[in-house]
>>> print(open('structure_16.cif').read())   # mmCIF, N, CA and C atoms
data_start
#
loop_
_atom_site.label_atom_id
_atom_site.label_comp_id
_atom_site.auth_asym_id
_atom_site.auth_seq_id
_atom_site.Cartn_x
_atom_site.Cartn_y
_atom_site.Cartn_z
N MET A 1 13.09 21.18 7.41
CA MET A 1 11.70 21.01 7.04
C MET A 1 11.58 19.86 6.05
N SER A 2 10.58 19.06 6.24
CA SER A 2 10.37 17.87 5.41
C SER A 2 9.66 18.23 4.11
N VAL A 3 9.94 17.46 3.07
CA VAL A 3 9.23 17.64 1.80
C VAL A 3 7.87 16.96 1.84
N TRP A 4 7.63 16.15 2.86
CA TRP A 4 6.37 15.42 2.99
C TRP A 4 5.37 16.22 3.81
N PRO A 5 4.15 16.36 3.31
CA PRO A 5 3.10 16.99 4.12
C PRO A 5 2.47 15.94 5.02
N SER A 6 1.73 16.35 6.02
CA SER A 6 0.93 15.36 6.74
C SER A 6 -0.40 15.27 6.01
N CYS A 7 -0.96 14.07 5.95
CA CYS A 7 -2.23 13.89 5.23
C CYS A 7 -2.97 12.68 5.81
N ARG A 8 -4.17 12.52 5.39
CA ARG A 8 -5.01 11.42 5.85
C ARG A 8 -4.59 10.11 5.20
N ALA A 9 -4.80 9.01 5.91
CA ALA A 9 -4.44 7.69 5.41
C ALA A 9 -5.21 7.35 4.15
N ARG A 10 -6.43 7.82 4.02
CA ARG A 10 -7.25 7.57 2.83
C ARG A 10 -6.56 8.13 1.58
N GLN A 11 -5.93 9.31 1.72
CA GLN A 11 -5.23 9.94 0.60
C GLN A 11 -3.97 9.15 0.22
N VAL A 12 -3.26 8.66 1.23
CA VAL A 12 -2.04 7.87 0.99
C VAL A 12 -2.42 6.55 0.31
N LEU A 13 -3.47 5.91 0.79
CA LEU A 13 -3.91 4.65 0.21
C LEU A 13 -4.30 4.82 -1.26
N SER A 14 -5.03 5.88 -1.57
CA SER A 14 -5.42 6.09 -2.96
C SER A 14 -4.20 6.39 -3.84
N ALA A 15 -3.20 7.07 -3.29
CA ALA A 15 -1.97 7.33 -4.05
C ALA A 15 -1.22 6.02 -4.31
N LEU A 16 -1.19 5.12 -3.33
CA LEU A 16 -0.53 3.82 -3.52
C LEU A 16 -1.24 3.03 -4.61
N LEU A 17 -2.56 3.06 -4.62
CA LEU A 17 -3.32 2.35 -5.64
C LEU A 17 -3.05 2.93 -7.03
N ARG A 18 -2.91 4.26 -7.11
CA ARG A 18 -2.64 4.92 -8.40
C ARG A 18 -1.27 4.55 -8.95
N ILE A 19 -0.26 4.33 -8.08
CA ILE A 19 1.08 4.02 -8.59
C ILE A 19 1.30 2.53 -8.80
N GLY A 20 0.26 1.72 -8.64
CA GLY A 20 0.37 0.32 -9.02
C GLY A 20 0.24 -0.71 -7.91
N TRP A 21 0.05 -0.29 -6.68
CA TRP A 21 -0.14 -1.24 -5.58
C TRP A 21 -1.57 -1.75 -5.61
N THR A 22 -1.76 -3.01 -5.25
CA THR A 22 -3.10 -3.59 -5.14
C THR A 22 -3.24 -4.23 -3.78
N GLU A 23 -4.48 -4.34 -3.32
CA GLU A 23 -4.74 -4.95 -2.02
C GLU A 23 -4.78 -6.46 -2.18
N LYS A 24 -3.88 -7.14 -1.50
CA LYS A 24 -3.78 -8.59 -1.58
C LYS A 24 -4.76 -9.25 -0.61
N ARG A 25 -4.80 -8.73 0.61
CA ARG A 25 -5.76 -9.22 1.61
C ARG A 25 -5.95 -8.15 2.68
N ARG A 26 -7.00 -8.33 3.49
CA ARG A 26 -7.31 -7.36 4.53
C ARG A 26 -7.76 -8.08 5.79
N SER A 27 -7.31 -7.56 6.93
CA SER A 27 -7.76 -8.05 8.22
C SER A 27 -7.99 -6.82 9.10
N GLY A 28 -9.23 -6.39 9.19
CA GLY A 28 -9.55 -5.16 9.92
C GLY A 28 -8.98 -3.97 9.17
N SER A 29 -8.16 -3.16 9.86
CA SER A 29 -7.57 -2.00 9.21
C SER A 29 -6.19 -2.32 8.62
N HIS A 30 -5.74 -3.56 8.74
CA HIS A 30 -4.45 -3.97 8.18
C HIS A 30 -4.66 -4.49 6.76
N ARG A 31 -4.07 -3.78 5.81
CA ARG A 31 -4.18 -4.19 4.40
C ARG A 31 -2.80 -4.61 3.93
N THR A 32 -2.69 -5.80 3.37
CA THR A 32 -1.44 -6.24 2.77
C THR A 32 -1.48 -5.85 1.31
N MET A 33 -0.56 -4.97 0.95
CA MET A 33 -0.50 -4.44 -0.41
C MET A 33 0.61 -5.16 -1.17
N THR A 34 0.40 -5.36 -2.46
CA THR A 34 1.39 -6.04 -3.29
C THR A 34 1.60 -5.26 -4.58
N ARG A 35 2.84 -5.33 -5.09
CA ARG A 35 3.19 -4.70 -6.37
C ARG A 35 4.34 -5.48 -6.96
N LEU A 36 4.28 -5.73 -8.23
CA LEU A 36 5.31 -6.50 -8.92
C LEU A 36 6.67 -5.83 -8.76
N GLY A 37 7.66 -6.61 -8.33
CA GLY A 37 9.02 -6.09 -8.16
C GLY A 37 9.30 -5.51 -6.78
N TRP A 38 8.30 -5.47 -5.89
CA TRP A 38 8.46 -4.93 -4.54
C TRP A 38 8.02 -5.98 -3.53
N PRO A 39 8.62 -5.99 -2.33
CA PRO A 39 8.10 -6.88 -1.29
C PRO A 39 6.74 -6.38 -0.80
N ASP A 40 5.92 -7.29 -0.29
CA ASP A 40 4.60 -6.90 0.22
C ASP A 40 4.75 -5.84 1.31
N PHE A 41 3.75 -4.99 1.41
CA PHE A 41 3.75 -3.88 2.36
C PHE A 41 2.44 -3.92 3.13
N VAL A 42 2.51 -3.84 4.46
CA VAL A 42 1.30 -3.84 5.29
C VAL A 42 0.95 -2.39 5.61
N PHE A 43 -0.20 -1.96 5.13
CA PHE A 43 -0.71 -0.62 5.39
C PHE A 43 -1.69 -0.74 6.55
N ALA A 44 -1.29 -0.27 7.74
CA ALA A 44 -2.07 -0.52 8.96
C ALA A 44 -2.59 0.77 9.58
N PHE A 45 -3.39 1.51 8.82
CA PHE A 45 -3.94 2.77 9.31
C PHE A 45 -5.44 2.80 9.04
N HIS A 46 -6.19 3.43 9.95
CA HIS A 46 -7.60 3.69 9.69
C HIS A 46 -7.67 4.81 8.67
N GLU A 47 -8.69 4.81 7.83
CA GLU A 47 -8.76 5.76 6.71
C GLU A 47 -8.77 7.22 7.14
N SER A 48 -9.35 7.56 8.29
CA SER A 48 -9.42 8.95 8.70
C SER A 48 -8.21 9.37 9.56
N GLU A 49 -7.30 8.46 9.81
CA GLU A 49 -6.13 8.75 10.64
C GLU A 49 -5.15 9.67 9.90
N GLU A 50 -4.56 10.59 10.65
CA GLU A 50 -3.57 11.52 10.09
C GLU A 50 -2.19 10.85 10.12
N ILE A 51 -1.48 10.92 8.99
CA ILE A 51 -0.14 10.36 8.89
C ILE A 51 0.83 11.52 8.75
N GLY A 52 1.81 11.57 9.62
CA GLY A 52 2.76 12.67 9.63
C GLY A 52 3.90 12.50 8.64
N PRO A 53 4.73 13.54 8.49
CA PRO A 53 5.82 13.53 7.51
C PRO A 53 6.84 12.41 7.73
N ARG A 54 7.19 12.13 8.97
CA ARG A 54 8.20 11.08 9.23
C ARG A 54 7.68 9.71 8.82
N MET A 55 6.43 9.41 9.11
CA MET A 55 5.86 8.13 8.72
C MET A 55 5.70 8.04 7.21
N LEU A 56 5.34 9.14 6.57
CA LEU A 56 5.24 9.14 5.11
C LEU A 56 6.59 8.87 4.46
N ALA A 57 7.66 9.40 5.04
CA ALA A 57 9.00 9.14 4.52
C ALA A 57 9.34 7.65 4.66
N ARG A 58 8.95 7.05 5.76
CA ARG A 58 9.19 5.60 5.95
C ARG A 58 8.38 4.78 4.94
N ILE A 59 7.13 5.17 4.74
CA ILE A 59 6.27 4.47 3.77
C ILE A 59 6.88 4.59 2.37
N SER A 60 7.40 5.76 2.05
CA SER A 60 7.95 5.98 0.70
C SER A 60 9.16 5.10 0.43
N ARG A 61 9.98 4.86 1.44
CA ARG A 61 11.16 4.00 1.25
C ARG A 61 10.74 2.57 0.92
N ARG A 62 9.61 2.13 1.45
CA ARG A 62 9.17 0.75 1.23
C ARG A 62 8.26 0.58 0.02
N THR A 63 7.71 1.70 -0.49
CA THR A 63 6.71 1.57 -1.56
C THR A 63 7.05 2.33 -2.84
N GLY A 64 7.99 3.25 -2.79
CA GLY A 64 8.30 4.04 -3.97
C GLY A 64 7.38 5.26 -4.12
N LEU A 65 6.60 5.56 -3.10
CA LEU A 65 5.71 6.72 -3.12
C LEU A 65 6.53 8.01 -3.11
N ARG A 66 6.10 9.01 -3.89
CA ARG A 66 6.80 10.30 -3.94
C ARG A 66 5.84 11.39 -3.51
N PRO A 67 6.34 12.53 -3.01
CA PRO A 67 5.44 13.61 -2.57
C PRO A 67 4.48 14.08 -3.66
N GLU A 68 4.92 14.08 -4.91
CA GLU A 68 4.04 14.53 -5.99
C GLU A 68 2.94 13.51 -6.31
N ASP A 69 3.06 12.26 -5.82
CA ASP A 69 2.00 11.27 -6.02
C ASP A 69 0.78 11.56 -5.15
N LEU A 70 0.98 12.30 -4.06
CA LEU A 70 -0.14 12.62 -3.18
C LEU A 70 -0.97 13.71 -3.82
#
>>> encode(input="structure_16.cif", output="structure tokens")
Amino acid sequence: MSVWPSCRARQVLSALLRIGWTEKRRSGSHRTMTRLGWPDFVFAFHESEEIGPRMLARISRRTGLRPEDL
């Protein structure tokens, strides 16, 4: 069983903003996020889209997001 819950993309995006990521640019639903000390990350989900545990684990490896940040 995964430690990651499934949740909406809007919730993940707000968690990324809380931990220090900022939106560098946007093209449709693709947002390029930036944070000092990390490579840029493209967040490519519609806000109401459901993100599952496996994808959240992949996002966390690239962004430093933790389950308690959600």
>>> atom_distance(input="structure_16.cif", atom1="atom N of A:Leu16", atom2="atom N of A:Ser2")
20.6 Å
>>> resolve_selection(input="structure_16.cif", expression="the PyMOL selection byres (((chain A and resi 46-62 and name CA) around 8) and name CA)", output="list in words")
Ser2, Val3, Trp4, Pro5, Ser6, Cys7, Arg8, Ala9, Arg10, Ser29, Phe41, Ala44, Phe45, Thr63, Gly64, Leu65 and Arg66 of chain A
>>> select_by_dssp(input="structure_16.cif", residues="chain A", states="strand (DSSP E)", output="VMD selection string")
chain A and resid 7 to 8 22 to 27 30 to 35 38 to 44 50 to 51
>>> resolve_selection(input="structure_16.cif", expression="the PyMOL selection byres (((chain A and resi 35 and name CA) around 10) and name CA)", output="ChimeraX atom specification")
/A:16-17,19-24,33-34,36-41,63
>>> atom_distance(input="structure_16.cif", atom1="atom N of A:Pro67", atom2="atom N of A:His30")
23.3 Å
>>> select_by_dssp(input="structure_16.cif", residues="chain A", states="helix (DSSP H, G or I)", output="PyMOL selection string")
chain A and resi 9-18+53-63+67-69
>>> atom_distance(input="structure_16.cif", atom1="atom N of A:Arg26", atom2="atom CA of A:Phe43")
10.1 Å
>>> build_atoms(input="structure_16.cif", residues="stretch 3-14 of chain A", atoms="all heavy atoms", output="PDB file, in the frame of the given file")
ATOM      1  N   VAL A   3       9.940  17.460   3.070  1.00  0.00           N
ATOM      2  CA  VAL A   3       9.230  17.640   1.800  1.00  0.00           C
ATOM      3  C   VAL A   3       7.870  16.960   1.840  1.00  0.00           C
ATOM      4  O   VAL A   3       7.045  17.168   0.957  1.00  0.00           O
ATOM      5  CB  VAL A   3      10.040  17.092   0.601  1.00  0.00           C
ATOM      6  CG1 VAL A   3      11.326  17.864   0.442  1.00  0.00           C
ATOM      7  CG2 VAL A   3      10.291  15.620   0.745  1.00  0.00           C
ATOM      8  N   TRP A   4       7.630  16.150   2.860  1.00  0.00           N
ATOM      9  CA  TRP A   4       6.370  15.420   2.990  1.00  0.00           C
ATOM     10  C   TRP A   4       5.370  16.220   3.810  1.00  0.00           C
ATOM     11  O   TRP A   4       5.679  16.682   4.883  1.00  0.00           O
ATOM     12  CB  TRP A   4       6.612  14.070   3.685  1.00  0.00           C
ATOM     13  CG  TRP A   4       7.380  13.134   2.842  1.00  0.00           C
ATOM     14  CD1 TRP A   4       8.708  12.881   2.905  1.00  0.00           C
ATOM     15  CD2 TRP A   4       6.872  12.323   1.789  1.00  0.00           C
ATOM     16  NE1 TRP A   4       9.056  11.964   1.961  1.00  0.00           N
ATOM     17  CE2 TRP A   4       7.954  11.604   1.262  1.00  0.00           C
ATOM     18  CE3 TRP A   4       5.606  12.137   1.247  1.00  0.00           C
ATOM     19  CZ2 TRP A   4       7.811  10.706   0.211  1.00  0.00           C
ATOM     20  CZ3 TRP A   4       5.458  11.250   0.201  1.00  0.00           C
ATOM     21  CH2 TRP A   4       6.551  10.551  -0.304  1.00  0.00           C
ATOM     22  N   PRO A   5       4.150  16.360   3.310  1.00  0.00           N
ATOM     23  CA  PRO A   5       3.100  16.990   4.120  1.00  0.00           C
ATOM     24  C   PRO A   5       2.470  15.940   5.020  1.00  0.00           C
ATOM     25  O   PRO A   5       2.676  14.739   4.826  1.00  0.00           O
ATOM     26  CB  PRO A   5       2.094  17.444   3.067  1.00  0.00           C
ATOM     27  CG  PRO A   5       2.220  16.403   2.000  1.00  0.00           C
ATOM     28  CD  PRO A   5       3.691  16.039   1.973  1.00  0.00           C
ATOM     29  N   SER A   6       1.730  16.350   6.020  1.00  0.00           N
ATOM     30  CA  SER A   6       0.930  15.360   6.740  1.00  0.00           C
ATOM     31  C   SER A   6      -0.400  15.270   6.010  1.00  0.00           C
ATOM     32  O   SER A   6      -0.896  16.257   5.471  1.00  0.00           O
ATOM     33  CB  SER A   6       0.733  15.768   8.198  1.00  0.00           C
ATOM     34  OG  SER A   6       0.055  16.984   8.285  1.00  0.00           O
ATOM     35  N   CYS A   7      -0.960  14.070   5.950  1.00  0.00           N
ATOM     36  CA  CYS A   7      -2.230  13.890   5.230  1.00  0.00           C
ATOM     37  C   CYS A   7      -2.970  12.680   5.810  1.00  0.00           C
ATOM     38  O   CYS A   7      -2.424  11.923   6.606  1.00  0.00           O
ATOM     39  CB  CYS A   7      -2.004  13.741   3.731  1.00  0.00           C
ATOM     40  SG  CYS A   7      -0.943  12.402   3.277  1.00  0.00           S
ATOM     41  N   ARG A   8      -4.170  12.520   5.390  1.00  0.00           N
ATOM     42  CA  ARG A   8      -5.010  11.420   5.850  1.00  0.00           C
ATOM     43  C   ARG A   8      -4.590  10.110   5.200  1.00  0.00           C
ATOM     44  O   ARG A   8      -4.105  10.088   4.064  1.00  0.00           O
ATOM     45  CB  ARG A   8      -6.472  11.682   5.512  1.00  0.00           C
ATOM     46  CG  ARG A   8      -7.023  12.928   6.127  1.00  0.00           C
ATOM     47  CD  ARG A   8      -7.548  12.648   7.493  1.00  0.00           C
ATOM     48  NE  ARG A   8      -8.076  13.884   8.063  1.00  0.00           N
ATOM     49  CZ  ARG A   8      -8.108  14.106   9.349  1.00  0.00           C
ATOM     50  NH1 ARG A   8      -7.654  13.214  10.192  1.00  0.00           N
ATOM     51  NH2 ARG A   8      -8.591  15.223   9.816  1.00  0.00           N
ATOM     52  N   ALA A   9      -4.800   9.010   5.910  1.00  0.00           N
ATOM     53  CA  ALA A   9      -4.440   7.690   5.410  1.00  0.00           C
ATOM     54  C   ALA A   9      -5.210   7.350   4.150  1.00  0.00           C
ATOM     55  O   ALA A   9      -4.683   6.691   3.251  1.00  0.00           O
ATOM     56  CB  ALA A   9      -4.697   6.640   6.486  1.00  0.00           C
ATOM     57  N   ARG A  10      -6.430   7.820   4.020  1.00  0.00           N
ATOM     58  CA  ARG A  10      -7.250   7.570   2.830  1.00  0.00           C
ATOM     59  C   ARG A  10      -6.560   8.130   1.580  1.00  0.00           C
ATOM     60  O   ARG A  10      -6.550   7.508   0.536  1.00  0.00           O
ATOM     61  CB  ARG A  10      -8.624   8.202   3.063  1.00  0.00           C
ATOM     62  CG  ARG A  10      -9.404   8.637   1.935  1.00  0.00           C
ATOM     63  CD  ARG A  10     -10.734   9.325   2.302  1.00  0.00           C
ATOM     64  NE  ARG A  10     -11.337   8.972   3.585  1.00  0.00           N
ATOM     65  CZ  ARG A  10     -11.408   9.803   4.636  1.00  0.00           C
ATOM     66  NH1 ARG A  10     -10.929  11.010   4.567  1.00  0.00           N
ATOM     67  NH2 ARG A  10     -11.977   9.405   5.750  1.00  0.00           N
ATOM     68  N   GLN A  11      -5.930   9.310   1.720  1.00  0.00           N
ATOM     69  CA  GLN A  11      -5.230   9.940   0.600  1.00  0.00           C
ATOM     70  C   GLN A  11      -3.970   9.150   0.220  1.00  0.00           C
ATOM     71  O   GLN A  11      -3.672   8.970  -0.954  1.00  0.00           O
ATOM     72  CB  GLN A  11      -4.870  11.375   0.982  1.00  0.00           C
ATOM     73  CG  GLN A  11      -4.278  12.191  -0.119  1.00  0.00           C
ATOM     74  CD  GLN A  11      -3.978  13.615   0.331  1.00  0.00           C
ATOM     75  OE1 GLN A  11      -4.219  13.983   1.468  1.00  0.00           O
ATOM     76  NE2 GLN A  11      -3.452  14.403  -0.574  1.00  0.00           N
ATOM     77  N   VAL A  12      -3.260   8.660   1.230  1.00  0.00           N
ATOM     78  CA  VAL A  12      -2.040   7.870   0.990  1.00  0.00           C
ATOM     79  C   VAL A  12      -2.420   6.550   0.310  1.00  0.00           C
ATOM     80  O   VAL A  12      -1.765   6.127  -0.648  1.00  0.00           O
ATOM     81  CB  VAL A  12      -1.275   7.608   2.301  1.00  0.00           C
ATOM     82  CG1 VAL A  12      -0.070   6.725   2.061  1.00  0.00           C
ATOM     83  CG2 VAL A  12      -0.858   8.925   2.940  1.00  0.00           C
ATOM     84  N   LEU A  13      -3.470   5.910   0.790  1.00  0.00           N
ATOM     85  CA  LEU A  13      -3.910   4.650   0.210  1.00  0.00           C
ATOM     86  C   LEU A  13      -4.300   4.820  -1.260  1.00  0.00           C
ATOM     87  O   LEU A  13      -3.925   4.021  -2.108  1.00  0.00           O
ATOM     88  CB  LEU A  13      -5.074   4.074   1.008  1.00  0.00           C
ATOM     89  CG  LEU A  13      -5.609   2.733   0.560  1.00  0.00           C
ATOM     90  CD1 LEU A  13      -4.523   1.665   0.613  1.00  0.00           C
ATOM     91  CD2 LEU A  13      -6.794   2.326   1.403  1.00  0.00           C
ATOM     92  N   SER A  14      -5.030   5.880  -1.570  1.00  0.00           N
ATOM     93  CA  SER A  14      -5.420   6.090  -2.960  1.00  0.00           C
ATOM     94  C   SER A  14      -4.200   6.390  -3.840  1.00  0.00           C
ATOM     95  O   SER A  14      -4.156   5.979  -4.999  1.00  0.00           O
ATOM     96  CB  SER A  14      -6.473   7.191  -3.078  1.00  0.00           C
ATOM     97  OG  SER A  14      -5.934   8.433  -2.737  1.00  0.00           O
TER      98      SER A  14
END
